[in-house]
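Working notes for the structure below.
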Amino acid sequence: MSSAMTYGQKQFIPTPPDKGSFPLDHDGVCKKTMTKYMKCLLNNNSNNSLCRTEAKEYLECRMENNLMAKEDWSKLGFKESDAVS
């Protein structure tokens, strides 16, 4: 495989994600909520709008266990009034 560039082709320069990296859940602290969210996606043909409650529970678990930075719900696409059951 060659890494030579074709004349006029722009070189790809990767950029880091806006939020940076976050630690993996090696201890499985949030595995239960992650599994619940993934099952919801599976049961709803990957329509994440039908799994907002499960998504919020998963993100809340990650924030509470320092697996991601604490963010305002509005920055994550949720309203403060969105209930977590």
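So you can find residues: chains in the structure tokens are A, B, ... in the order shown, residues in each start at 1, and ligands are numbered from 1 in order.
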
*Residues at most 12 Å from Met63 (chain A), counting only C-alpha atoms, excluding those fewer than 2 positions away in the same chain, as JSON, numbers by chain?*
{"A": [22, 23, 25, 29, 30, 56, 57, 58, 59, 60, 61, 65, 66, 67, 68, 69, 70, 71, 72, 73, 76]}

*Have a look at CA of Leu50 (chain A) and CA of His26 (chain A) and let me know their distance in Å, one decimal.*
27.6 Å

_Using Å and a single decimal, report how far CA of Asn47 (chain A) sits from CA of Thr35 (chain A)._
15.6 Å

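Interatomic distance, CA of Thr33 (chain A) to CA of Glu54 (chain A): 7.0 Å.
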